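One structure below.
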Amino acid sequence: MSHFLDLPPLSAAGFAAIEDQVAALLHTEADVIVTQGEALLPLEAAIRGAAHPGSTALNIVTGPYGQTFGNWLRSCGATVVDLAVPFDSAVSAQQVAEALESHPEIDFVSLVHAEAATGNTNPVAEIAAAVREHGALLMLDAVASVAAEPLLTDEWGIDLCVIGGQKAMGGPAGVSAVSVSGRAWERIAANPAAPRRSYLSLLDWKERWTDAGRTVLPHAPAQLEMLALGACLDRIAADGLPTVIARHRAASAATRAGVRALGTLTPFVREDAHAAPVATTVRTPAGLHAAELAATLDPALPIQPGGGALAAEMLRVNHYGQASGLDTVRACLTALADATEADGAKALAAAEAAWDATV
Ligand SMILES: *Cc1c(COP(=O)(O)O)cnc(C)c1O
């Protein structure tokens with residue numbers, strides 16, 4: 001393993017090149033900052049940069065991360081309007097437009113694209129159009145959607161788009177990125193409460209790195225994670241982003257079809273259009289405790305119980321990154337068939353047909 005420790009330092013040019021690759025992946029010409037920490041770092045940095053006492057935020061809650069954003073927004077002194085929908089569905093652009101209409105003072109909107117924890121995904125293009133018309137700033141948590149479904153940052157008008165490498169990108173955890181639109185920079189620069197000289201400061205990065213020509217790194221980067229991120233971006237480029245996205249879509253369609261064919265379990269997210277390509281959540285019937293079922297499965301399988309209260313009734317099949325293949329889907333369905341005494345062959349046939357119809 002010693003070769004990992006003998007690397008020359010990552011150069012400023014190498015760091016900037018990785019930022020440019022992320023910008024291409026996000027279809028954005030805005031500034032991209034590759035943040036040296038898990039995705040919660042740029043998410044919190046974006047909220048603390050934009051929110052302040054006197055601002056009003058629309059916080060869309062479609063899963064556990066939305067709840068976290070609401071807490072940060074409140075701790076910044078912002079007034080928060082929560083728009084929550086059941087975690088087994090999606091929010092509609094209509095609901096967002098109505099919330100904006102009844103609170104004209106809303107100047108910031110936080111939204112999660114896909115929710116890996118609950119398996120749902122939101123129609124960001126339509127929602128962003130409503131937010132744009134209203135004039136508020138839009139922050140999108142795209143950690144679980146990037147590389148699993150289309151993400152058109154500039155075309156849709158997303159001001160702050162946050163990603164991480166460890167889900168559909170099949171890359172490292174512990175490194176993340178945020179794109180910042182010109183409008184978002186203006187807003188953050190005008191916010192006296194925005195973090196400065198702080199780990200959470202996007203403005204520090206702008207002043208000391210982006211605007212300074214990206215020639216001298218302000219901090220020692222997380223070198224191994226950065227190299228892994230660069231390698232994973234190269235792999236996505238080599239495979240082709242549409243191919244990577246199609247694989248995730250097919251894994252989702254196949255898993256949902258297979259689960260329906262089992263008969264013993266049901267997709268947690270009811271409508272196919274609301275199902276996230278990154279992970280399929282499954283509802284266990286009354287009397288069958290999801291976490292207890294999960295504990296009987298091969299731990300090598302990417303199946304885990306739902307978090308918090310959902311541990312009793314929901315399982316999550318993660319088919320992302322290297323696991324976005326028919327082999328993983330087959331292995332998961334076979335295990336779920338065995339654990340619930342269902343017809344595995346029927347589930348596999350349904351899954352394979354759905355996979356073939358989708359890729
Ligand atoms: C995984 C995930 C995160 C958290 O990413 P970390 O890098 O672990 O902080 C945030 N939001 C969503 C939607 C996620 O799926």
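We label chains A, B, ... in the order they appear in the structure tokens, count residues from 1 in each chain, and number ligands from 1 in the order shown.
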
Set the distance at 12 Å and use only C-alpha atoms: which residues neighbour Ala309 of chain A once local chain neighbours fewer than 5 positions away are removed? I'd like the list as a PDB file with N, CA, C and O atoms, in the first residue's frame.
```
ATOM      1  N   PRO A  64     -35.191  12.687   4.372  1.00  0.00           N
ATOM      2  CA  PRO A  64     -34.495  13.141   5.587  1.00  0.00           C
ATOM      3  C   PRO A  64     -33.586  14.360   5.381  1.00  0.00           C
ATOM      4  O   PRO A  64     -33.422  15.155   6.302  1.00  0.00           O
ATOM      5  N   THR A 118     -34.900   7.397   0.677  1.00  0.00           N
ATOM      6  CA  THR A 118     -36.306   7.023   0.561  1.00  0.00           C
ATOM      7  C   THR A 118     -36.671   6.570  -0.858  1.00  0.00           C
ATOM      8  O   THR A 118     -37.772   6.093  -1.096  1.00  0.00           O
ATOM      9  N   HIS A 289     -40.601  -7.331   9.866  1.00  0.00           N
ATOM     10  CA  HIS A 289     -39.763  -6.188  10.242  1.00  0.00           C
ATOM     11  C   HIS A 289     -38.576  -6.079   9.279  1.00  0.00           C
ATOM     12  O   HIS A 289     -37.785  -7.019   9.140  1.00  0.00           O
ATOM     13  N   ALA A 290     -38.461  -4.945   8.615  1.00  0.00           N
ATOM     14  CA  ALA A 290     -37.464  -4.794   7.542  1.00  0.00           C
ATOM     15  C   ALA A 290     -36.037  -4.966   8.057  1.00  0.00           C
ATOM     16  O   ALA A 290     -35.219  -5.655   7.427  1.00  0.00           O
ATOM     17  N   ALA A 291     -35.722  -4.351   9.188  1.00  0.00           N
ATOM     18  CA  ALA A 291     -34.341  -4.447   9.693  1.00  0.00           C
ATOM     19  C   ALA A 291     -34.015  -5.884  10.101  1.00  0.00           C
ATOM     20  O   ALA A 291     -32.882  -6.354   9.916  1.00  0.00           O
ATOM     21  N   MET A 314     -39.260  -0.601   5.746  1.00  0.00           N
ATOM     22  CA  MET A 314     -38.659  -0.321   4.439  1.00  0.00           C
ATOM     23  C   MET A 314     -37.264  -0.918   4.318  1.00  0.00           C
ATOM     24  O   MET A 314     -36.455  -0.855   5.241  1.00  0.00           O
ATOM     25  N   LEU A 315     -37.004  -1.481   3.131  1.00  0.00           N
ATOM     26  CA  LEU A 315     -35.658  -1.923   2.758  1.00  0.00           C
ATOM     27  C   LEU A 315     -35.211  -1.066   1.597  1.00  0.00           C
ATOM     28  O   LEU A 315     -36.027  -0.630   0.790  1.00  0.00           O
TER      29      LEU A 315
END
```

Spatial neighbours of Leu58 of chain A, 9 Å, only C-alpha atoms, chain gap at least 5 places, as a VMD selection string: chain A and resid 70 79 to 83 96 99 to 100 103 106 to 111

Written file, previous selection with all heavy atoms, as a compact mmCIF listing (two decimals), in the first residue's frame:
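Saved as result-v6.txt:
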```txt
# COMPACT_ATOMS: atom_id res chain seq x y z
N GLY A 70 -33.78 22.42 6.72
CA GLY A 70 -34.67 23.30 7.47
C GLY A 70 -34.02 23.73 8.78
O GLY A 70 -34.09 24.90 9.18
N THR A 79 -36.58 32.89 8.04
CA THR A 79 -37.94 32.38 8.21
C THR A 79 -38.08 31.21 7.24
O THR A 79 -37.71 31.33 6.07
CB THR A 79 -38.96 33.48 7.87
OG1 THR A 79 -38.70 34.59 8.72
CG2 THR A 79 -40.39 32.99 8.06
N VAL A 80 -38.59 30.09 7.73
CA VAL A 80 -38.64 28.90 6.88
C VAL A 80 -40.09 28.48 6.64
O VAL A 80 -40.86 28.31 7.58
CB VAL A 80 -37.86 27.73 7.53
CG1 VAL A 80 -37.90 26.51 6.62
CG2 VAL A 80 -36.42 28.14 7.80
N VAL A 81 -40.42 28.34 5.37
CA VAL A 81 -41.70 27.77 4.98
C VAL A 81 -41.41 26.34 4.55
O VAL A 81 -40.68 26.12 3.58
CB VAL A 81 -42.33 28.56 3.80
CG1 VAL A 81 -43.63 27.91 3.35
CG2 VAL A 81 -42.52 30.02 4.18
N ASP A 82 -41.91 25.35 5.29
CA ASP A 82 -41.67 23.96 4.93
C ASP A 82 -42.78 23.46 4.01
O ASP A 82 -43.96 23.65 4.30
CB ASP A 82 -41.63 23.07 6.18
CG ASP A 82 -40.27 23.11 6.88
OD1 ASP A 82 -39.24 23.06 6.18
OD2 ASP A 82 -40.25 23.21 8.12
N LEU A 83 -42.39 22.84 2.91
CA LEU A 83 -43.35 22.16 2.03
C LEU A 83 -42.98 20.69 2.06
O LEU A 83 -41.99 20.28 1.44
CB LEU A 83 -43.27 22.74 0.61
CG LEU A 83 -44.05 21.99 -0.48
CD1 LEU A 83 -45.53 21.86 -0.13
CD2 LEU A 83 -43.88 22.68 -1.83
N VAL A 96 -45.10 23.61 -5.59
CA VAL A 96 -44.06 24.60 -5.34
C VAL A 96 -44.54 25.98 -5.78
O VAL A 96 -44.39 26.97 -5.05
CB VAL A 96 -42.75 24.21 -6.08
CG1 VAL A 96 -41.71 25.31 -5.94
CG2 VAL A 96 -42.22 22.89 -5.53
N ALA A 99 -46.91 27.38 -3.22
CA ALA A 99 -46.21 27.84 -2.00
C ALA A 99 -45.54 29.18 -2.25
O ALA A 99 -45.56 30.07 -1.39
CB ALA A 99 -45.18 26.80 -1.57
N LEU A 100 -44.97 29.35 -3.44
CA LEU A 100 -44.30 30.62 -3.77
C LEU A 100 -45.32 31.74 -3.88
O LEU A 100 -45.07 32.87 -3.45
CB LEU A 100 -43.52 30.48 -5.09
CG LEU A 100 -42.30 29.53 -5.04
CD1 LEU A 100 -41.78 29.27 -6.45
CD2 LEU A 100 -41.20 30.11 -4.17
N HIS A 103 -46.45 32.91 -0.49
CA HIS A 103 -45.40 33.60 0.28
C HIS A 103 -44.47 34.34 -0.68
O HIS A 103 -43.37 33.88 -0.96
CB HIS A 103 -44.59 32.59 1.10
CG HIS A 103 -45.39 31.83 2.11
ND1 HIS A 103 -45.69 32.33 3.35
CD2 HIS A 103 -45.98 30.62 2.04
CE1 HIS A 103 -46.43 31.45 4.01
NE2 HIS A 103 -46.63 30.40 3.24
N ILE A 106 -40.55 34.78 -0.32
CA ILE A 106 -39.54 33.70 -0.41
C ILE A 106 -38.43 34.11 -1.38
O ILE A 106 -38.68 34.49 -2.52
CB ILE A 106 -40.20 32.38 -0.87
CG1 ILE A 106 -41.06 31.82 0.27
CG2 ILE A 106 -39.14 31.37 -1.30
CD1 ILE A 106 -41.97 30.67 -0.15
N ASP A 107 -37.18 34.04 -0.87
CA ASP A 107 -36.05 34.43 -1.72
C ASP A 107 -35.02 33.30 -1.86
O ASP A 107 -33.96 33.48 -2.46
CB ASP A 107 -35.37 35.70 -1.18
CG ASP A 107 -34.97 35.59 0.29
OD1 ASP A 107 -34.85 34.45 0.78
OD2 ASP A 107 -34.80 36.64 0.93
N PHE A 108 -35.31 32.14 -1.29
CA PHE A 108 -34.37 31.01 -1.36
C PHE A 108 -35.19 29.72 -1.32
O PHE A 108 -36.14 29.62 -0.54
CB PHE A 108 -33.41 31.05 -0.15
CG PHE A 108 -32.39 29.94 -0.12
CD1 PHE A 108 -31.17 30.08 -0.79
CD2 PHE A 108 -32.63 28.76 0.57
CE1 PHE A 108 -30.21 29.06 -0.76
CE2 PHE A 108 -31.68 27.74 0.60
CZ PHE A 108 -30.47 27.90 -0.05
N VAL A 109 -34.83 28.77 -2.17
CA VAL A 109 -35.53 27.48 -2.18
C VAL A 109 -34.50 26.37 -2.08
O VAL A 109 -33.51 26.35 -2.82
CB VAL A 109 -36.38 27.31 -3.47
CG1 VAL A 109 -37.04 25.93 -3.50
CG2 VAL A 109 -37.43 28.40 -3.59
N SER A 110 -34.72 25.45 -1.14
CA SER A 110 -33.85 24.27 -1.04
C SER A 110 -34.64 23.03 -1.44
O SER A 110 -35.78 22.85 -1.02
CB SER A 110 -33.27 24.13 0.36
OG SER A 110 -34.26 24.34 1.35
N LEU A 111 -34.00 22.21 -2.26
CA LEU A 111 -34.66 21.05 -2.84
C LEU A 111 -33.65 19.91 -2.97
O LEU A 111 -32.49 20.14 -3.32
CB LEU A 111 -35.20 21.43 -4.24
CG LEU A 111 -35.76 20.31 -5.12
CD1 LEU A 111 -37.08 19.76 -4.54
CD2 LEU A 111 -36.01 20.80 -6.55
```

Please return as a tab-separated table (two decimals) with all heavy atoms, in the first residue's frame the residues found within 7 Å of ligand 1, counting only C-alpha atoms and all ligand atoms.
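Written out: result35.tsv:
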```
chain	number	residue	atom	x	y	z
A	38	GLU	N	-17.22	15.71	3.05
A	38	GLU	CA	-18.44	15.05	2.57
A	38	GLU	C	-19.43	16.10	2.05
A	38	GLU	O	-19.29	17.30	2.31
A	38	GLU	CB	-19.06	14.22	3.69
A	38	GLU	CG	-19.52	15.05	4.87
A	38	GLU	CD	-20.39	14.25	5.82
A	38	GLU	OE1	-21.39	13.67	5.38
A	38	GLU	OE2	-20.07	14.23	7.03
A	39	ALA	N	-20.46	15.66	1.33
A	39	ALA	CA	-21.38	16.57	0.65
A	39	ALA	C	-22.12	17.49	1.62
A	39	ALA	O	-22.57	18.58	1.23
A	39	ALA	CB	-22.37	15.77	-0.19
A	40	LEU	N	-22.25	17.08	2.88
A	40	LEU	CA	-22.92	17.97	3.83
A	40	LEU	C	-22.16	19.28	3.99
A	40	LEU	O	-22.74	20.30	4.35
A	40	LEU	CB	-23.10	17.28	5.19
A	40	LEU	CG	-24.15	16.16	5.21
A	40	LEU	CD1	-24.21	15.49	6.58
A	40	LEU	CD2	-25.53	16.69	4.84
A	41	LEU	N	-20.85	19.27	3.71
A	41	LEU	CA	-20.06	20.52	3.81
A	41	LEU	C	-20.54	21.58	2.82
A	41	LEU	O	-20.92	22.68	3.24
A	41	LEU	CB	-18.56	20.20	3.65
A	41	LEU	CG	-17.63	21.40	3.43
A	41	LEU	CD1	-17.60	22.33	4.64
A	41	LEU	CD2	-16.22	20.94	3.12
A	65	TYR	N	-32.99	14.52	4.20
A	65	TYR	CA	-32.06	15.65	4.04
A	65	TYR	C	-32.78	16.99	4.09
A	65	TYR	O	-32.24	17.98	4.58
A	65	TYR	CB	-31.21	15.50	2.77
A	65	TYR	CG	-30.16	14.42	2.95
A	65	TYR	CD1	-30.32	13.17	2.36
A	65	TYR	CD2	-29.06	14.63	3.76
A	65	TYR	CE1	-29.40	12.17	2.57
A	65	TYR	CE2	-28.13	13.63	3.98
A	65	TYR	CZ	-28.30	12.39	3.37
A	65	TYR	OH	-27.39	11.40	3.59
A	112	VAL	N	-34.11	18.69	-2.69
A	112	VAL	CA	-33.29	17.51	-2.95
A	112	VAL	C	-33.79	16.90	-4.26
A	112	VAL	O	-35.00	16.76	-4.46
A	112	VAL	CB	-33.41	16.49	-1.79
A	112	VAL	CG1	-32.59	15.23	-2.10
A	112	VAL	CG2	-32.95	17.11	-0.48
A	113	HIS	N	-32.86	16.59	-5.16
A	113	HIS	CA	-33.26	16.01	-6.45
A	113	HIS	C	-33.74	14.57	-6.21
A	113	HIS	O	-34.93	14.34	-6.10
A	113	HIS	CB	-32.07	16.08	-7.41
A	113	HIS	CG	-32.41	15.75	-8.83
A	113	HIS	ND1	-31.49	15.79	-9.85
A	113	HIS	CD2	-33.58	15.36	-9.41
A	113	HIS	CE1	-32.08	15.45	-10.98
A	113	HIS	NE2	-33.33	15.18	-10.74
A	114	ALA	N	-32.80	13.64	-6.07
A	114	ALA	CA	-33.17	12.27	-5.74
A	114	ALA	C	-32.82	12.01	-4.28
A	114	ALA	O	-31.82	12.51	-3.78
A	114	ALA	CB	-32.42	11.29	-6.63
A	115	GLU	N	-33.64	11.23	-3.63
A	115	GLU	CA	-33.44	10.88	-2.23
A	115	GLU	C	-33.01	9.41	-2.18
A	115	GLU	O	-33.86	8.52	-2.34
A	115	GLU	CB	-34.74	11.04	-1.43
A	115	GLU	CG	-35.34	12.43	-1.45
A	115	GLU	CD	-34.87	13.27	-0.25
A	115	GLU	OE1	-33.98	12.83	0.49
A	115	GLU	OE2	-35.42	14.37	-0.09
A	116	ALA	N	-31.73	9.16	-1.94
A	116	ALA	CA	-31.28	7.76	-1.86
A	116	ALA	C	-31.93	7.07	-0.66
A	116	ALA	O	-32.21	5.88	-0.69
A	116	ALA	CB	-29.76	7.71	-1.76
A	117	ALA	N	-32.17	7.82	0.40
A	117	ALA	CA	-32.67	7.21	1.65
A	117	ALA	C	-34.12	6.74	1.53
A	117	ALA	O	-34.51	5.79	2.20
A	117	ALA	CB	-32.54	8.20	2.79
A	141	ASP	N	-29.74	19.70	-3.95
A	141	ASP	CA	-28.90	18.59	-3.50
A	141	ASP	C	-29.01	17.49	-4.55
A	141	ASP	O	-30.01	16.78	-4.62
A	141	ASP	CB	-29.40	18.11	-2.13
A	141	ASP	CG	-28.67	16.86	-1.64
A	141	ASP	OD1	-27.92	16.24	-2.44
A	141	ASP	OD2	-28.87	16.49	-0.47
A	142	ALA	N	-27.97	17.39	-5.37
A	142	ALA	CA	-27.97	16.41	-6.46
A	142	ALA	C	-27.01	15.26	-6.16
A	142	ALA	O	-26.57	14.57	-7.08
A	142	ALA	CB	-27.61	17.10	-7.78
A	143	VAL	N	-26.73	15.03	-4.88
A	143	VAL	CA	-25.76	13.99	-4.51
A	143	VAL	C	-26.19	12.62	-5.03
A	143	VAL	O	-25.38	11.85	-5.53
A	143	VAL	CB	-25.57	13.95	-2.97
A	143	VAL	CG1	-24.64	12.82	-2.56
A	143	VAL	CG2	-25.04	15.28	-2.45
A	144	ALA	N	-27.48	12.34	-4.93
A	144	ALA	CA	-27.96	11.01	-5.31
A	144	ALA	C	-28.52	10.97	-6.74
A	144	ALA	O	-28.99	9.93	-7.18
A	144	ALA	CB	-29.02	10.54	-4.33
A	164	GLY	N	-21.84	14.78	-4.68
A	164	GLY	CA	-20.80	14.01	-4.01
A	164	GLY	C	-20.40	12.88	-4.95
A	164	GLY	O	-21.14	12.56	-5.88
A	167	LYS	N	-22.06	8.13	-4.81
A	167	LYS	CA	-23.30	7.42	-5.14
A	167	LYS	C	-23.20	6.93	-6.60
A	167	LYS	O	-22.42	6.06	-6.87
A	167	LYS	CB	-24.50	8.33	-4.90
A	167	LYS	CG	-24.59	8.84	-3.43
A	167	LYS	CD	-25.50	8.00	-2.55
A	167	LYS	CE	-25.36	8.30	-1.06
A	167	LYS	NZ	-25.91	9.61	-0.66
A	173	ALA	N	-16.15	8.77	-1.32
A	173	ALA	CA	-16.83	9.60	-0.33
A	173	ALA	C	-15.80	10.57	0.23
A	173	ALA	O	-14.59	10.40	0.02
A	173	ALA	CB	-17.40	8.73	0.78
A	174	GLY	N	-16.28	11.60	0.89
A	174	GLY	CA	-15.34	12.50	1.56
A	174	GLY	C	-14.82	13.62	0.70
A	174	GLY	O	-13.95	14.39	1.10
A	176	SER	N	-16.53	16.45	-2.43
A	176	SER	CA	-17.83	16.88	-2.94
A	176	SER	C	-17.63	18.14	-3.78
A	176	SER	O	-16.51	18.62	-3.91
A	176	SER	CB	-18.78	17.15	-1.76
A	176	SER	OG	-18.13	17.97	-0.80
```

Point-to-point distance in Å for atom CA of Val85 of chain A and atom CA of Thr68 of chain A: 15.2 Å

Nearest candidate to Phe69 of chain A (options A:Asp154, A:Glu44, A:Glu313, A:Asp6; using only C-alpha atoms):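 The closest residue to Phe69 of chain A is A:Glu44.
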
Polymer residues at most 12 Å from Leu137 of chain A, only C-alpha atoms, same-chain spacing of 4 or more positions, as an NGL selection string: :A and (46-47 or 49-51 or 55-59 or 106-111 or 128-133 or 157-161 or 180-188)

Selection to disk with C-alpha atoms, as a PDB file, in the first residue's frame:
```
ATOM      1  CA  ALA A  46     -24.478  27.091   0.530  1.00  0.00           C
ATOM      2  CA  ILE A  47     -27.261  27.550   3.079  1.00  0.00           C
ATOM      3  CA  GLY A  49     -23.862  31.658   2.609  1.00  0.00           C
ATOM      4  CA  ALA A  50     -27.299  32.544   1.267  1.00  0.00           C
ATOM      5  CA  ALA A  51     -29.611  32.586   4.293  1.00  0.00           C
ATOM      6  CA  SER A  55     -34.645  36.151   4.386  1.00  0.00           C
ATOM      7  CA  THR A  56     -37.447  33.658   3.816  1.00  0.00           C
ATOM      8  CA  ALA A  57     -36.714  30.168   2.555  1.00  0.00           C
ATOM      9  CA  LEU A  58     -38.995  27.598   1.007  1.00  0.00           C
ATOM     10  CA  ASN A  59     -37.640  24.270   2.219  1.00  0.00           C
ATOM     11  CA  ILE A 106     -39.544  33.705  -0.408  1.00  0.00           C
ATOM     12  CA  ASP A 107     -36.046  34.425  -1.718  1.00  0.00           C
ATOM     13  CA  PHE A 108     -34.372  31.006  -1.358  1.00  0.00           C
ATOM     14  CA  VAL A 109     -35.535  27.484  -2.183  1.00  0.00           C
ATOM     15  CA  SER A 110     -33.846  24.270  -1.044  1.00  0.00           C
ATOM     16  CA  LEU A 111     -34.663  21.046  -2.844  1.00  0.00           C
ATOM     17  CA  ALA A 128     -36.772  25.152 -11.198  1.00  0.00           C
ATOM     18  CA  ALA A 129     -38.868  26.928 -13.825  1.00  0.00           C
ATOM     19  CA  ALA A 130     -41.400  27.923 -11.154  1.00  0.00           C
ATOM     20  CA  VAL A 131     -38.634  29.114  -8.833  1.00  0.00           C
ATOM     21  CA  ARG A 132     -36.993  31.055 -11.647  1.00  0.00           C
ATOM     22  CA  GLU A 133     -40.264  32.825 -12.464  1.00  0.00           C
ATOM     23  CA  GLY A 157     -31.446  27.468 -13.728  1.00  0.00           C
ATOM     24  CA  ILE A 158     -29.981  25.904 -10.590  1.00  0.00           C
ATOM     25  CA  ASP A 159     -27.991  28.466  -8.619  1.00  0.00           C
ATOM     26  CA  LEU A 160     -26.247  26.166  -6.169  1.00  0.00           C
ATOM     27  CA  CYS A 161     -25.866  22.554  -7.282  1.00  0.00           C
ATOM     28  CA  VAL A 180     -22.297  28.655  -7.833  1.00  0.00           C
ATOM     29  CA  SER A 181     -24.164  30.895 -10.294  1.00  0.00           C
ATOM     30  CA  GLY A 182     -23.388  34.596 -10.680  1.00  0.00           C
ATOM     31  CA  ARG A 183     -26.672  35.402  -8.935  1.00  0.00           C
ATOM     32  CA  ALA A 184     -25.729  33.167  -6.023  1.00  0.00           C
ATOM     33  CA  TRP A 185     -22.305  34.808  -5.680  1.00  0.00           C
ATOM     34  CA  GLU A 186     -23.950  38.249  -5.572  1.00  0.00           C
ATOM     35  CA  ARG A 187     -26.346  37.103  -2.900  1.00  0.00           C
ATOM     36  CA  ILE A 188     -23.640  35.501  -0.769  1.00  0.00           C
TER      37      ILE A 188
END
```

Pairwise distance for atom CA of Thr243 of chain A and atom CA of Asn318 of chain A, rounded to one decimal in Å: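 Answer for the atom CA of Thr243 of chain A to atom CA of Asn318 of chain A separation: 18.3 Å.
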
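Closest approach to Arg270 of chain A among A:Pro221, A:Ala254, A:Asp88, A:Ala23: A:Asp88, based on only C-alpha atoms.
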
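Excluding Gly213 of chain A itself and same-chain residues fewer than 4 positions from it, the residues having an atom within 12 Å of it are Ala12, Ala13, Ala16, Asp31, Trp205, Lys206, Glu207, Arg208, Trp209, Leu217 and Pro218 of chain A, counting only C-alpha atoms.
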
Residue set, segment 9-92 of chain A restricted to alpha helix (DSSP H), as an MDAnalysis selection string: chainID A and resid 12:25 40:50 64:75

Best match for closeness to Ser252 of chain A among A:Gly325, A:Pro277, A:Gly230, A:Gly344, counting only C-alpha atoms: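 Smallest separation from Ser252 of chain A among the options: A:Pro277.
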
Atom-to-atom span, atom CA of Gly170 of chain A and atom CA of Tyr320 of chain A, Å: 7.0 Å

Residues within 12 Å of Gly14 of chain A, only C-alpha atoms, excluding chain neighbours under 6 positions, as a count of residues only: 15

Test item, strand (DSSP E) assignment across segment 139-272 of chain A, answer as a list in words: Met139, Leu140, Asp141, Leu160, Cys161, Val162, Ile163, Gly164, Ser176, Ala177, Val178, Ser179, Val180, Thr266 and Pro267 of chain A

Shell around segment 294-296 of chain A at 12 Å using only C-alpha atoms, local window under 4 positions removed, as JSON, numbers by chain: {"A": [282, 284, 288, 289, 290, 300, 301, 302, 303, 304, 305, 306, 311, 312, 313, 314, 315, 316, 317, 332, 335, 336, 338, 339, 340]}

Selected residue, from A:Ala331, A:Ala357, A:Ala351, A:Ala257, that lies nearest to Asp298 of chain A when counting only C-alpha atoms: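 The shortest atom-to-atom distance to Asp298 of chain A comes from A:Ala331.
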
Nearest residue to Val22 of chain A from the set A:Pro299, A:Pro172, A:Gly308, A:Gly165 (distances using only C-alpha atoms): A:Gly165

Residue nearest Asn122 of chain A among A:Ala193, A:Ala251, A:Val61, A:Ala279 (counting only C-alpha atoms):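 Of the candidates, the smallest distance to Asn122 of chain A is held by A:Val61.
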